[in-house]
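**Student:** So that we are looking at the same thing, I have put the structure below in structure tokens.
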Amino acid sequence: MNKPSSHDTGANVENTMSTIDKVNRNLAKRYRKEKTFRAMGIASIAFGLLCLVVLFTDIIGKGHSAFLQTYIKLHVDLSTEMLYIDDPSDPHQIAAADYQGALKEALKERFPEVTDRRQKRNLYGIVSNGAGFQLRQMVEENPALLNTQLDVWVAADDDYDTYYKSRGEGEAYTGRFNEEQISWIEALIADGAVKKRFNTTFFTAGDSREPEQAGIRGAMMGSLFTLLVTLALSFPIGVAAAVYLEEYAPKNRFTDFIEVNINNLAAVPSIIFGLLGLAIFINFMEMPRSVPLVGGFVLTLMTLPTIIISSRAAIQAVPPSIREAAMGIGASKMQVILHHVLPLALPGMLTGTIIGMAQALGETAPLLMIGMVAFIVDIPGGITDPATALPVQIFLWADSPERAFVERTSAAIMVLLGFLILMNTLAVWLRKRLERRW
Amino acid sequence: MTELNAVAQATIAQAVETPAAAAASSASYETVGQPFLDSGAKMSMRDVDVFYGDKQAIFNVGLDIGQNEVLAMIGPSGCGKSTFLRCLNRMNDTIDICRVTGQLQLEGQNIYDPKLDVVPLRARVGMVFQKPNPFPKSIYDNVAYGPRIHGLVSRRAELDEVVETSLRKASLWEEVKDRLHAPGTGLSGGQQQRLCIARTIAVSPEVILMDEPCSALDPIATAKIEELIAELSENFTIAIVTHSMQQAARVSHRTAYFHLGKLIEVNDTEKVFTNPDHELTEAYITGRFG
Ligand SMILES: Nc1ncnc2c1ncn2[C@@H]1O[C@H](COP(=O)(O)OP(=O)(O)OP(=O)(O)O)[C@@H](O)[C@H]1O
Ligand SMILES: [Mg+2]
């Protein structure tokens, strides 16, 4: 026993020197490799950040101007004869009066040299054809304005809006303008009768064919209702399924089969879920088209696998010692789950759910299939009103020919991204709050 | 010395047979000493076999645990001490592949009766684990958890009292009485283990099973727990698994020696550590293997 061990020690002493030398010789190489490895990581992060910066500058650069709208000051005569009102106390007459006509009259007065009919039509196009509604609203709120003359700021038509916004930066965008049209707007600018204001319409109106009257509100509400339905269905169903599969289901072929299929479903292209929704909810169950309720059902189908998978992972991450402790005192299975497993797994489950929701918020394809791509002007008031959703709205606007929709598309993307950032912040905050500090 | 060594090794060699041969010979071995009590047995086990899948972990074990007795279970790692202990309150039920056969009785009642509910059984036979595992809740809620779920108390004042007495019995009260609502996981390892003991005794079990309760603790915390075990034995029946022979010698009344899933010897602790009947026990306590 002794002999070999002493022999070993002798050999070790001999080897020690050369071992250190060997280590030193390799050390420089090892450090070099380590540096390359780190540099590769930094490079990929830098690349990611660069892409993000490019994306954001592009979108914000294009979209920020949509938050402003050009207004034109006109001197309007609100006399009753001008508006064809016989009885100023009759609200019907006030509502039906010809305010657009009053605006036309004001324009005619401002540019008396325009006489040609074609030119006149062009001239009237300076103001948005929604401007009459603005005027009507003013009069309805304050009937005392009748029979007075006043200066009002009304929204400019989108072509003039685009022209005015692009004026500062080199060559202004003239589009289909002719010389005269440019001369009118320049004259108004020279008067100080043109300015940009915050575009409240964008946040309060539904969709419109006229860019200056189009807003994101309808799509926002549609997305909100759709997501509410999705959340209300997918969170409880997903968590219940995860709890059953993790805690109760026997381990056999059948549950293995279910597990494999849940994982497969997570990878199914979303448009398939849209087709499924179209076949089941609309064709078979005869639910209405284009409504957030059906959209929510379809997105529930789509997000369920994500939620189930992340919830199961969260349940598996609960330390077994906690379960044993609870069972050792005599807690029943349900008590172990409700008192210990779920509270500890909740942050993970919520994170998964919010990721699923964020996915659902950005999803377009399945919504196209169930008709949420329709042109809808009214702002939905509930889950059964026809609606569209934010990403679909982006798709619709991106497809529109009017130049002014370009900036609105980017602005809508900004709103969508804002929502996503909000949701992710919420996820982080919830995690922080719910995660045990001990 | 060499002779004895040789004998022990021969016996070990005999014991370390192929599983099939071991199973075949399982009926043939006999536990030496006094595994059975004439009267006053709190729990009694006969012909217990435990299997993990096809692998047998416990061979034909018969053993009584007396009322208010502290029984120590010792033996080399992997010999099945934990497995046997976990049979006593059916914690093995949670392992799918685990199968238990034989008679296991608590005061004459078969604890593996399919009709028996494990929830009240575990309230009667509590367990303290190797690693302290307090719930991620406050100290108070940790101790109050058992009484709450079993509905042992109806009023808050009663619950406060149960928490206090349990913490006092676990000799933790003085250290934590000012921070009952601080997290239980913020305590030191030794305090956490005493908290787990308090949590177990809060439901007033009749038997407490302890699986190496001091293995994660320093000598001072260990001494405290050992002291505690001595006090607890006045009211409770205790079965404790330990790797420390000194600990077994200090706290227990009887000692059971397990070897490769077989119960080799059960005797009064003093006898086991001074004059064991079986050469395997002797070999183990003198530190020749294990
Ligand atoms: N969950 C399990 N599945 C399969 N085999 C197991 C399982 N738990 C224990 N075993 C096996 O049963 C035998 C006894 O294990 P056990 O944990 O009871 O040993 P032990 O005496 O407590 O050891 P230690 O002193 O190291 O804790 C071992 O061979 C082990 O491999
Ligand atoms: Mg063990």
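Letters for chains follow the order of the structure tokens (A, B, ...), residue numbers begin at 1 for each chain, and ligand numbers begin at 1 in the order shown.
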Give me, as a short mmCIF file (atom, residue, chain, number, x, y, z; two decimals) with N, CA, C and O atoms, in the first residue's frame, all polymer residues having an atom no more than 10 Å from Val272 (chain B), counting only C-alpha atoms and skipping those fewer than 3 positions away in the same chain.
**Tutor:**
```
data_model
loop_
_atom_site.label_atom_id
_atom_site.label_comp_id
_atom_site.auth_asym_id
_atom_site.auth_seq_id
_atom_site.Cartn_x
_atom_site.Cartn_y
_atom_site.Cartn_z
N GLY B 33 -31.84 -9.02 18.17
CA GLY B 33 -32.21 -8.07 19.22
C GLY B 33 -33.69 -8.12 19.48
O GLY B 33 -34.34 -9.16 19.31
N ALA B 249 -26.81 7.95 19.98
CA ALA B 249 -26.51 7.53 21.34
C ALA B 249 -27.08 8.52 22.35
O ALA B 249 -27.56 8.14 23.40
N ARG B 254 -34.06 3.41 21.83
CA ARG B 254 -33.71 2.19 21.10
C ARG B 254 -33.10 2.59 19.77
O ARG B 254 -33.38 3.66 19.24
N THR B 255 -32.28 1.72 19.20
CA THR B 255 -31.64 2.02 17.94
C THR B 255 -31.86 0.84 16.98
O THR B 255 -31.75 -0.31 17.39
N ALA B 256 -32.21 1.19 15.72
CA ALA B 256 -32.40 0.16 14.70
C ALA B 256 -31.31 0.34 13.66
O ALA B 256 -31.07 1.45 13.19
N TYR B 257 -30.63 -0.74 13.32
CA TYR B 257 -29.57 -0.66 12.33
C TYR B 257 -30.04 -1.28 11.02
O TYR B 257 -30.42 -2.45 10.97
N GLU B 265 -30.46 -5.18 13.12
CA GLU B 265 -30.49 -5.32 14.58
C GLU B 265 -31.30 -4.18 15.20
O GLU B 265 -31.22 -3.04 14.74
N VAL B 266 -32.07 -4.51 16.23
CA VAL B 266 -32.74 -3.48 17.03
C VAL B 266 -32.49 -3.80 18.48
O VAL B 266 -32.74 -4.93 18.92
N ASN B 267 -31.97 -2.86 19.22
CA ASN B 267 -31.71 -3.08 20.64
C ASN B 267 -31.78 -1.76 21.38
O ASN B 267 -31.87 -0.70 20.76
N ASP B 268 -31.71 -1.84 22.71
CA ASP B 268 -31.60 -0.61 23.47
C ASP B 268 -30.34 0.11 23.00
O ASP B 268 -29.32 -0.53 22.72
N THR B 269 -30.43 1.42 22.95
CA THR B 269 -29.34 2.21 22.39
C THR B 269 -28.01 1.89 23.05
O THR B 269 -26.98 1.71 22.39
N ASN B 275 -22.30 -3.06 23.02
CA ASN B 275 -22.13 -4.50 22.83
C ASN B 275 -23.16 -5.01 21.82
O ASN B 275 -24.08 -5.74 22.18
N PRO B 276 -23.01 -4.64 20.55
CA PRO B 276 -24.04 -5.04 19.59
C PRO B 276 -24.04 -6.55 19.37
O PRO B 276 -23.01 -7.21 19.55
N ASP B 277 -25.22 -7.05 19.01
CA ASP B 277 -25.37 -8.49 18.82
C ASP B 277 -24.84 -8.94 17.47
O ASP B 277 -24.42 -10.07 17.31
N HIS B 278 -24.91 -8.05 16.47
CA HIS B 278 -24.60 -8.48 15.11
C HIS B 278 -23.27 -7.90 14.66
O HIS B 278 -22.95 -6.76 14.96
N THR B 281 -23.48 -4.57 12.63
CA THR B 281 -23.70 -3.40 13.47
C THR B 281 -22.38 -2.96 14.09
O THR B 281 -22.02 -1.78 14.07
N GLU B 282 -21.66 -3.94 14.60
CA GLU B 282 -20.36 -3.65 15.22
C GLU B 282 -19.44 -2.98 14.21
O GLU B 282 -18.81 -1.97 14.48
N ILE B 285 -20.70 0.67 13.63
CA ILE B 285 -20.52 1.67 14.70
C ILE B 285 -19.06 1.88 15.03
O ILE B 285 -18.69 2.93 15.53
#
```
**Student:** Which residues sit within 10 Å of ligand 2, counting only C-alpha atoms and all ligand atoms, listed as a PDB file with N, CA, C and O atoms, in the first residue's frame?
**Tutor:**
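part_35.pdb was written with the following content:
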```pdb
ATOM      1  N   GLY B  75     -27.537   3.558   9.751  1.00  0.00           N
ATOM      2  CA  GLY B  75     -27.139   2.639   8.694  1.00  0.00           C
ATOM      3  C   GLY B  75     -26.454   3.388   7.587  1.00  0.00           C
ATOM      4  O   GLY B  75     -26.573   4.612   7.483  1.00  0.00           O
ATOM      5  N   PRO B  76     -25.699   2.672   6.768  1.00  0.00           N
ATOM      6  CA  PRO B  76     -24.965   3.339   5.692  1.00  0.00           C
ATOM      7  C   PRO B  76     -25.900   4.010   4.692  1.00  0.00           C
ATOM      8  O   PRO B  76     -27.080   3.669   4.610  1.00  0.00           O
ATOM      9  N   SER B  77     -25.361   4.928   3.941  1.00  0.00           N
ATOM     10  CA  SER B  77     -26.165   5.674   2.974  1.00  0.00           C
ATOM     11  C   SER B  77     -26.789   4.743   1.948  1.00  0.00           C
ATOM     12  O   SER B  77     -26.146   3.812   1.485  1.00  0.00           O
ATOM     13  N   GLY B  78     -28.048   4.991   1.654  1.00  0.00           N
ATOM     14  CA  GLY B  78     -28.731   4.192   0.630  1.00  0.00           C
ATOM     15  C   GLY B  78     -29.305   2.896   1.156  1.00  0.00           C
ATOM     16  O   GLY B  78     -29.777   2.068   0.392  1.00  0.00           O
ATOM     17  N   CYS B  79     -29.279   2.685   2.491  1.00  0.00           N
ATOM     18  CA  CYS B  79     -29.753   1.409   3.024  1.00  0.00           C
ATOM     19  C   CYS B  79     -31.263   1.408   3.204  1.00  0.00           C
ATOM     20  O   CYS B  79     -31.843   0.395   3.567  1.00  0.00           O
ATOM     21  N   GLY B  80     -31.920   2.527   2.984  1.00  0.00           N
ATOM     22  CA  GLY B  80     -33.378   2.523   3.027  1.00  0.00           C
ATOM     23  C   GLY B  80     -33.993   3.131   4.266  1.00  0.00           C
ATOM     24  O   GLY B  80     -35.192   2.973   4.504  1.00  0.00           O
ATOM     25  N   LYS B  81     -33.224   3.885   5.046  1.00  0.00           N
ATOM     26  CA  LYS B  81     -33.771   4.496   6.263  1.00  0.00           C
ATOM     27  C   LYS B  81     -34.887   5.476   5.922  1.00  0.00           C
ATOM     28  O   LYS B  81     -35.983   5.428   6.481  1.00  0.00           O
ATOM     29  N   SER B  82     -34.579   6.381   4.986  1.00  0.00           N
ATOM     30  CA  SER B  82     -35.589   7.385   4.614  1.00  0.00           C
ATOM     31  C   SER B  82     -36.809   6.703   4.022  1.00  0.00           C
ATOM     32  O   SER B  82     -37.943   7.058   4.329  1.00  0.00           O
ATOM     33  N   THR B  83     -36.557   5.716   3.180  1.00  0.00           N
ATOM     34  CA  THR B  83     -37.668   5.009   2.548  1.00  0.00           C
ATOM     35  C   THR B  83     -38.591   4.423   3.608  1.00  0.00           C
ATOM     36  O   THR B  83     -39.817   4.579   3.543  1.00  0.00           O
ATOM     37  N   PHE B  84     -38.002   3.774   4.604  1.00  0.00           N
ATOM     38  CA  PHE B  84     -38.820   3.154   5.643  1.00  0.00           C
ATOM     39  C   PHE B  84     -39.568   4.220   6.443  1.00  0.00           C
ATOM     40  O   PHE B  84     -40.762   4.095   6.718  1.00  0.00           O
ATOM     41  N   LEU B  85     -38.845   5.282   6.800  1.00  0.00           N
ATOM     42  CA  LEU B  85     -39.467   6.337   7.600  1.00  0.00           C
ATOM     43  C   LEU B  85     -40.657   6.936   6.858  1.00  0.00           C
ATOM     44  O   LEU B  85     -41.707   7.198   7.457  1.00  0.00           O
ATOM     45  N   ARG B  86     -40.483   7.146   5.555  1.00  0.00           N
ATOM     46  CA  ARG B  86     -41.554   7.788   4.788  1.00  0.00           C
ATOM     47  C   ARG B  86     -42.766   6.879   4.594  1.00  0.00           C
ATOM     48  O   ARG B  86     -43.831   7.358   4.205  1.00  0.00           O
ATOM     49  N   PHE B 129     -38.158  17.359   7.955  1.00  0.00           N
ATOM     50  CA  PHE B 129     -37.314  16.907   6.850  1.00  0.00           C
ATOM     51  C   PHE B 129     -35.851  17.251   7.074  1.00  0.00           C
ATOM     52  O   PHE B 129     -35.497  18.019   7.965  1.00  0.00           O
ATOM     53  N   GLN B 130     -35.029  16.651   6.192  1.00  0.00           N
ATOM     54  CA  GLN B 130     -33.584  16.828   6.312  1.00  0.00           C
ATOM     55  C   GLN B 130     -33.185  18.283   6.145  1.00  0.00           C
ATOM     56  O   GLN B 130     -32.455  18.847   6.954  1.00  0.00           O
ATOM     57  N   ASP B 211     -36.192  13.055   9.585  1.00  0.00           N
ATOM     58  CA  ASP B 211     -35.214  12.483   8.664  1.00  0.00           C
ATOM     59  C   ASP B 211     -33.953  13.340   8.665  1.00  0.00           C
ATOM     60  O   ASP B 211     -33.918  14.394   8.042  1.00  0.00           O
ATOM     61  N   GLU B 212     -32.944  12.891   9.385  1.00  0.00           N
ATOM     62  CA  GLU B 212     -31.687  13.640   9.517  1.00  0.00           C
ATOM     63  C   GLU B 212     -31.942  15.124   9.779  1.00  0.00           C
ATOM     64  O   GLU B 212     -31.513  15.976   8.997  1.00  0.00           O
ATOM     65  N   VAL B 241     -34.052   9.476  11.929  1.00  0.00           N
ATOM     66  CA  VAL B 241     -32.978   8.925  11.119  1.00  0.00           C
ATOM     67  C   VAL B 241     -31.766   9.813  11.311  1.00  0.00           C
ATOM     68  O   VAL B 241     -31.882  11.037  11.284  1.00  0.00           O
ATOM     69  N   THR B 242     -30.615   9.222  11.547  1.00  0.00           N
ATOM     70  CA  THR B 242     -29.431  10.066  11.708  1.00  0.00           C
ATOM     71  C   THR B 242     -28.187   9.364  11.194  1.00  0.00           C
ATOM     72  O   THR B 242     -28.103   8.134  11.180  1.00  0.00           O
ATOM     73  N   HIS B 243     -27.229  10.170  10.770  1.00  0.00           N
ATOM     74  CA  HIS B 243     -25.936   9.632  10.360  1.00  0.00           C
ATOM     75  C   HIS B 243     -24.912   9.784  11.461  1.00  0.00           C
ATOM     76  O   HIS B 243     -23.790   9.302  11.343  1.00  0.00           O
TER      77      HIS B 243
END
```
**Student:** Could you work out which residues of chain B fall inside 9 Å of chain A? Count only C-alpha atoms, and format the result as a PyMOL selection string.
**Tutor:** chain B and resi 89+91+94+118-129+131-137+145-146+149-150+183-186+196+199-200+203
**Student:** Restricted to N, CA and C atoms, what would the selected residues look like written as an mmCIF file, in the first residue's frame?
**Tutor:**
```cif
data_model
loop_
_atom_site.group_PDB
_atom_site.id
_atom_site.type_symbol
_atom_site.label_atom_id
_atom_site.label_comp_id
_atom_site.auth_asym_id
_atom_site.auth_seq_id
_atom_site.Cartn_x
_atom_site.Cartn_y
_atom_site.Cartn_z
ATOM 1 N N ASN B 89 -45.819 7.615 7.425
ATOM 2 C CA ASN B 89 -46.963 8.520 7.247
ATOM 3 C C ASN B 89 -47.367 8.604 5.778
ATOM 4 N N MET B 91 -45.773 9.185 3.127
ATOM 5 C CA MET B 91 -45.214 10.208 2.235
ATOM 6 C C MET B 91 -44.755 9.559 0.938
ATOM 7 N N THR B 94 -46.470 9.862 -2.679
ATOM 8 C CA THR B 94 -46.255 10.901 -3.685
ATOM 9 C C THR B 94 -45.302 10.436 -4.780
ATOM 10 N N VAL B 118 -55.327 9.870 4.056
ATOM 11 C CA VAL B 118 -53.969 10.220 4.492
ATOM 12 C C VAL B 118 -53.919 11.569 5.203
ATOM 13 N N VAL B 119 -54.932 12.411 4.983
ATOM 14 C CA VAL B 119 -54.870 13.738 5.600
ATOM 15 C C VAL B 119 -54.867 13.647 7.130
ATOM 16 N N PRO B 120 -55.829 12.965 7.746
ATOM 17 C CA PRO B 120 -55.757 12.830 9.208
ATOM 18 C C PRO B 120 -54.565 11.991 9.666
ATOM 19 N N LEU B 121 -54.156 11.028 8.824
ATOM 20 C CA LEU B 121 -52.988 10.225 9.214
ATOM 21 C C LEU B 121 -51.773 11.127 9.379
ATOM 22 N N ARG B 122 -51.590 12.041 8.420
ATOM 23 C CA ARG B 122 -50.410 12.909 8.490
ATOM 24 C C ARG B 122 -50.550 13.950 9.585
ATOM 25 N N ALA B 123 -51.783 14.213 9.997
ATOM 26 C CA ALA B 123 -51.946 15.082 11.162
ATOM 27 C C ALA B 123 -51.517 14.339 12.421
ATOM 28 N N ARG B 124 -51.678 13.014 12.413
ATOM 29 C CA ARG B 124 -51.297 12.234 13.596
ATOM 30 C C ARG B 124 -49.823 11.862 13.561
ATOM 31 N N VAL B 125 -49.292 11.655 12.365
ATOM 32 C CA VAL B 125 -47.878 11.300 12.223
ATOM 33 C C VAL B 125 -47.197 12.407 11.417
ATOM 34 N N GLY B 126 -46.550 13.322 12.119
ATOM 35 C CA GLY B 126 -45.947 14.475 11.454
ATOM 36 C C GLY B 126 -44.537 14.162 11.005
ATOM 37 N N MET B 127 -43.983 15.060 10.196
ATOM 38 C CA MET B 127 -42.653 14.789 9.650
ATOM 39 C C MET B 127 -41.796 16.047 9.621
ATOM 40 N N VAL B 128 -40.530 15.880 9.998
ATOM 41 C CA VAL B 128 -39.550 16.960 9.886
ATOM 42 C C VAL B 128 -38.487 16.486 8.904
ATOM 43 N N PHE B 129 -38.158 17.359 7.955
ATOM 44 C CA PHE B 129 -37.314 16.907 6.850
ATOM 45 C C PHE B 129 -35.851 17.251 7.074
ATOM 46 N N LYS B 131 -33.700 18.886 5.067
ATOM 47 C CA LYS B 131 -33.379 20.294 4.840
ATOM 48 C C LYS B 131 -34.501 21.125 5.416
ATOM 49 N N PRO B 132 -34.190 22.167 6.192
ATOM 50 C CA PRO B 132 -35.282 23.008 6.710
ATOM 51 C C PRO B 132 -36.103 23.541 5.537
ATOM 52 N N ASN B 133 -37.421 23.377 5.609
ATOM 53 C CA ASN B 133 -38.252 23.824 4.486
ATOM 54 C C ASN B 133 -39.431 24.664 4.959
ATOM 55 N N PRO B 134 -39.154 25.805 5.589
ATOM 56 C CA PRO B 134 -40.279 26.665 5.980
ATOM 57 C C PRO B 134 -41.008 27.167 4.742
ATOM 58 N N PHE B 135 -42.300 27.453 4.919
ATOM 59 C CA PHE B 135 -43.060 28.045 3.815
ATOM 60 C C PHE B 135 -42.580 29.474 3.600
ATOM 61 N N PRO B 136 -42.662 29.982 2.392
ATOM 62 C CA PRO B 136 -42.309 31.391 2.176
ATOM 63 C C PRO B 136 -43.383 32.317 2.735
ATOM 64 N N LYS B 137 -43.643 32.179 4.006
ATOM 65 C CA LYS B 137 -44.646 33.014 4.681
ATOM 66 C C LYS B 137 -44.025 33.478 5.991
ATOM 67 N N TYR B 145 -50.197 27.320 10.147
ATOM 68 C CA TYR B 145 -50.755 26.682 8.946
ATOM 69 C C TYR B 145 -51.489 25.378 9.256
ATOM 70 N N GLY B 146 -50.817 24.483 10.021
ATOM 71 C CA GLY B 146 -51.429 23.191 10.339
ATOM 72 C C GLY B 146 -52.750 23.347 11.071
ATOM 73 N N ILE B 149 -55.509 24.629 8.649
ATOM 74 C CA ILE B 149 -56.107 23.745 7.641
ATOM 75 C C ILE B 149 -56.881 22.616 8.282
ATOM 76 N N HIS B 150 -56.496 22.207 9.499
ATOM 77 C CA HIS B 150 -57.247 21.126 10.129
ATOM 78 C C HIS B 150 -58.404 21.665 10.950
ATOM 79 N N PRO B 183 -40.554 37.091 7.666
ATOM 80 C CA PRO B 183 -40.555 35.841 6.907
ATOM 81 C C PRO B 183 -39.783 34.722 7.602
ATOM 82 N N GLY B 184 -40.342 33.520 7.538
ATOM 83 C CA GLY B 184 -39.707 32.372 8.162
ATOM 84 C C GLY B 184 -38.402 31.994 7.501
ATOM 85 N N THR B 185 -38.282 32.332 6.223
ATOM 86 C CA THR B 185 -37.061 31.977 5.513
ATOM 87 C C THR B 185 -35.915 32.927 5.855
ATOM 88 N N GLY B 186 -36.220 33.984 6.627
ATOM 89 C CA GLY B 186 -35.158 34.909 7.020
ATOM 90 C C GLY B 186 -34.406 34.450 8.256
ATOM 91 N N CYS B 196 -39.578 24.527 11.712
ATOM 92 C CA CYS B 196 -40.269 23.392 11.077
ATOM 93 C C CYS B 196 -40.765 22.414 12.135
ATOM 94 N N ARG B 199 -43.789 23.911 13.593
ATOM 95 C CA ARG B 199 -44.893 23.771 12.657
ATOM 96 C C ARG B 199 -45.488 22.372 12.743
ATOM 97 N N THR B 200 -44.609 21.387 12.920
ATOM 98 C CA THR B 200 -45.095 20.012 13.013
ATOM 99 C C THR B 200 -45.846 19.773 14.320
ATOM 100 N N VAL B 203 -49.810 20.903 15.271
ATOM 101 C CA VAL B 203 -51.038 20.126 15.058
ATOM 102 C C VAL B 203 -51.146 18.985 16.062
#
```
**Student:** Quick check, in Å to one decimal: how far apart do CA of Ile59 (chain A) and CA of Trp429 (chain A) lie?
**Tutor:**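 Interatomic distance, CA of Ile59 (chain A) to CA of Trp429 (chain A): 27.1 Å.
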**Student:** CA of Leu275 (chain A) to CA of Leu416 (chain A): how many Å, to one decimal?
**Tutor:**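 Separation of CA of Leu275 (chain A) and CA of Leu416 (chain A): 24.6 Å.
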**Student:** Please measure the separation of CA of Ser310 (chain A) and CA of Ile97 (chain B), giving the value in Å to one decimal.
**Tutor:**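 Pair CA of Ser310 (chain A) / CA of Ile97 (chain B) returns 26.9 Å.
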**Student:** Using only C-alpha atoms, which protein or nucleic acid residues come within 12 Å of Phe177 (chain A)? Drop anything in the same chain fewer than 5 positions from it, and give the result as a list of chain:residue names.
**Tutor:**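 Residues near the query, excluding close chain neighbours: A:Gln119, A:Asn122, A:Leu123, A:Gly125, A:Ile126, A:Asp159, A:Tyr160, A:Thr162, A:Tyr163, A:Ala172, A:Ile182, A:Ser183, A:Trp184, A:Ile185.
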**Student:** Selection from above, all heavy atoms, as a short mmCIF file (atom, residue, chain, number, x, y, z; two decimals), in the first residue's frame, can you write it?
**Tutor:**
```
data_model
loop_
_atom_site.label_atom_id
_atom_site.label_comp_id
_atom_site.auth_asym_id
_atom_site.auth_seq_id
_atom_site.Cartn_x
_atom_site.Cartn_y
_atom_site.Cartn_z
N GLN A 119 -61.91 75.85 -60.64
CA GLN A 119 -61.02 76.43 -59.65
C GLN A 119 -61.72 76.61 -58.31
O GLN A 119 -61.14 76.38 -57.25
CB GLN A 119 -60.50 77.79 -60.15
CG GLN A 119 -59.55 77.69 -61.31
CD GLN A 119 -58.22 77.08 -60.89
OE1 GLN A 119 -58.19 76.04 -60.27
NE2 GLN A 119 -57.14 77.75 -61.26
N ASN A 122 -61.73 73.48 -56.42
CA ASN A 122 -60.43 73.28 -55.80
C ASN A 122 -60.27 74.13 -54.55
O ASN A 122 -59.74 73.69 -53.54
CB ASN A 122 -59.32 73.64 -56.78
CG ASN A 122 -59.02 72.48 -57.72
OD1 ASN A 122 -59.35 71.34 -57.40
ND2 ASN A 122 -58.42 72.78 -58.86
N LEU A 123 -60.73 75.36 -54.65
CA LEU A 123 -60.60 76.28 -53.52
C LEU A 123 -61.33 75.75 -52.30
O LEU A 123 -60.81 75.74 -51.19
CB LEU A 123 -61.14 77.64 -53.93
CG LEU A 123 -61.13 78.71 -52.83
CD1 LEU A 123 -59.69 79.03 -52.44
CD2 LEU A 123 -61.84 79.96 -53.28
N GLY A 125 -61.86 72.88 -51.53
CA GLY A 125 -61.17 71.70 -51.01
C GLY A 125 -60.05 72.01 -50.03
O GLY A 125 -59.43 71.11 -49.49
N ILE A 126 -59.78 73.29 -49.82
CA ILE A 126 -58.72 73.65 -48.86
C ILE A 126 -59.06 73.16 -47.46
O ILE A 126 -58.22 72.67 -46.73
CB ILE A 126 -58.46 75.18 -48.86
CG1 ILE A 126 -57.56 75.54 -50.04
CG2 ILE A 126 -57.83 75.61 -47.56
CD1 ILE A 126 -57.02 76.94 -49.96
N ASP A 159 -54.25 67.11 -48.18
CA ASP A 159 -53.20 67.49 -49.12
C ASP A 159 -52.51 68.76 -48.66
O ASP A 159 -51.28 68.87 -48.71
CB ASP A 159 -53.80 67.71 -50.51
CG ASP A 159 -54.10 66.38 -51.19
OD1 ASP A 159 -53.42 65.39 -50.83
OD2 ASP A 159 -55.00 66.33 -52.04
N TYR A 160 -53.30 69.73 -48.19
CA TYR A 160 -52.72 70.99 -47.71
C TYR A 160 -51.96 70.76 -46.42
O TYR A 160 -50.93 71.38 -46.17
CB TYR A 160 -53.82 72.04 -47.53
CG TYR A 160 -54.44 72.43 -48.84
CD1 TYR A 160 -55.53 71.74 -49.36
CD2 TYR A 160 -53.91 73.48 -49.58
CE1 TYR A 160 -56.08 72.06 -50.57
CE2 TYR A 160 -54.46 73.81 -50.82
CZ TYR A 160 -55.54 73.11 -51.30
OH TYR A 160 -56.07 73.43 -52.50
N THR A 162 -50.38 68.00 -45.60
CA THR A 162 -49.09 67.42 -45.96
C THR A 162 -48.16 68.49 -46.53
O THR A 162 -46.98 68.55 -46.19
CB THR A 162 -49.29 66.32 -47.02
OG1 THR A 162 -50.33 65.47 -46.58
CG2 THR A 162 -48.03 65.52 -47.21
N TYR A 163 -48.71 69.35 -47.36
CA TYR A 163 -47.90 70.41 -47.96
C TYR A 163 -47.31 71.31 -46.89
O TYR A 163 -46.11 71.58 -46.87
CB TYR A 163 -48.78 71.24 -48.91
CG TYR A 163 -48.06 72.45 -49.46
CD1 TYR A 163 -47.21 72.33 -50.56
CD2 TYR A 163 -48.22 73.71 -48.87
CE1 TYR A 163 -46.53 73.42 -51.04
CE2 TYR A 163 -47.54 74.81 -49.35
CZ TYR A 163 -46.70 74.67 -50.44
OH TYR A 163 -46.03 75.75 -50.93
N ALA A 172 -41.06 71.22 -50.77
CA ALA A 172 -42.34 70.87 -50.17
C ALA A 172 -43.04 69.85 -51.05
O ALA A 172 -42.86 69.83 -52.27
CB ALA A 172 -43.21 72.10 -50.01
N ILE A 182 -51.21 76.26 -54.75
CA ILE A 182 -50.04 76.62 -53.94
C ILE A 182 -50.10 78.10 -53.58
O ILE A 182 -49.82 78.48 -52.44
CB ILE A 182 -48.74 76.28 -54.68
CG1 ILE A 182 -48.66 74.75 -54.88
CG2 ILE A 182 -47.53 76.78 -53.92
CD1 ILE A 182 -47.49 74.30 -55.71
N SER A 183 -50.52 78.91 -54.54
CA SER A 183 -50.54 80.34 -54.26
C SER A 183 -51.56 80.67 -53.15
O SER A 183 -51.32 81.51 -52.30
CB SER A 183 -50.87 81.14 -55.52
OG SER A 183 -52.23 80.97 -55.85
N TRP A 184 -52.73 79.92 -53.15
CA TRP A 184 -53.72 80.18 -52.09
C TRP A 184 -53.16 79.87 -50.71
O TRP A 184 -53.26 80.66 -49.80
CB TRP A 184 -54.97 79.31 -52.30
CG TRP A 184 -55.69 79.59 -53.56
CD1 TRP A 184 -55.77 80.79 -54.20
CD2 TRP A 184 -56.42 78.66 -54.34
NE1 TRP A 184 -56.51 80.67 -55.33
CE2 TRP A 184 -56.94 79.37 -55.45
CE3 TRP A 184 -56.71 77.30 -54.22
CZ2 TRP A 184 -57.72 78.76 -56.42
CZ3 TRP A 184 -57.49 76.69 -55.17
CH2 TRP A 184 -57.98 77.41 -56.28
N ILE A 185 -52.59 78.68 -50.62
CA ILE A 185 -52.14 78.29 -49.28
C ILE A 185 -51.01 79.19 -48.83
O ILE A 185 -50.94 79.59 -47.66
CB ILE A 185 -51.77 76.79 -49.23
CG1 ILE A 185 -51.32 76.35 -47.84
CG2 ILE A 185 -50.66 76.43 -50.20
CD1 ILE A 185 -52.42 75.99 -46.94
#
```
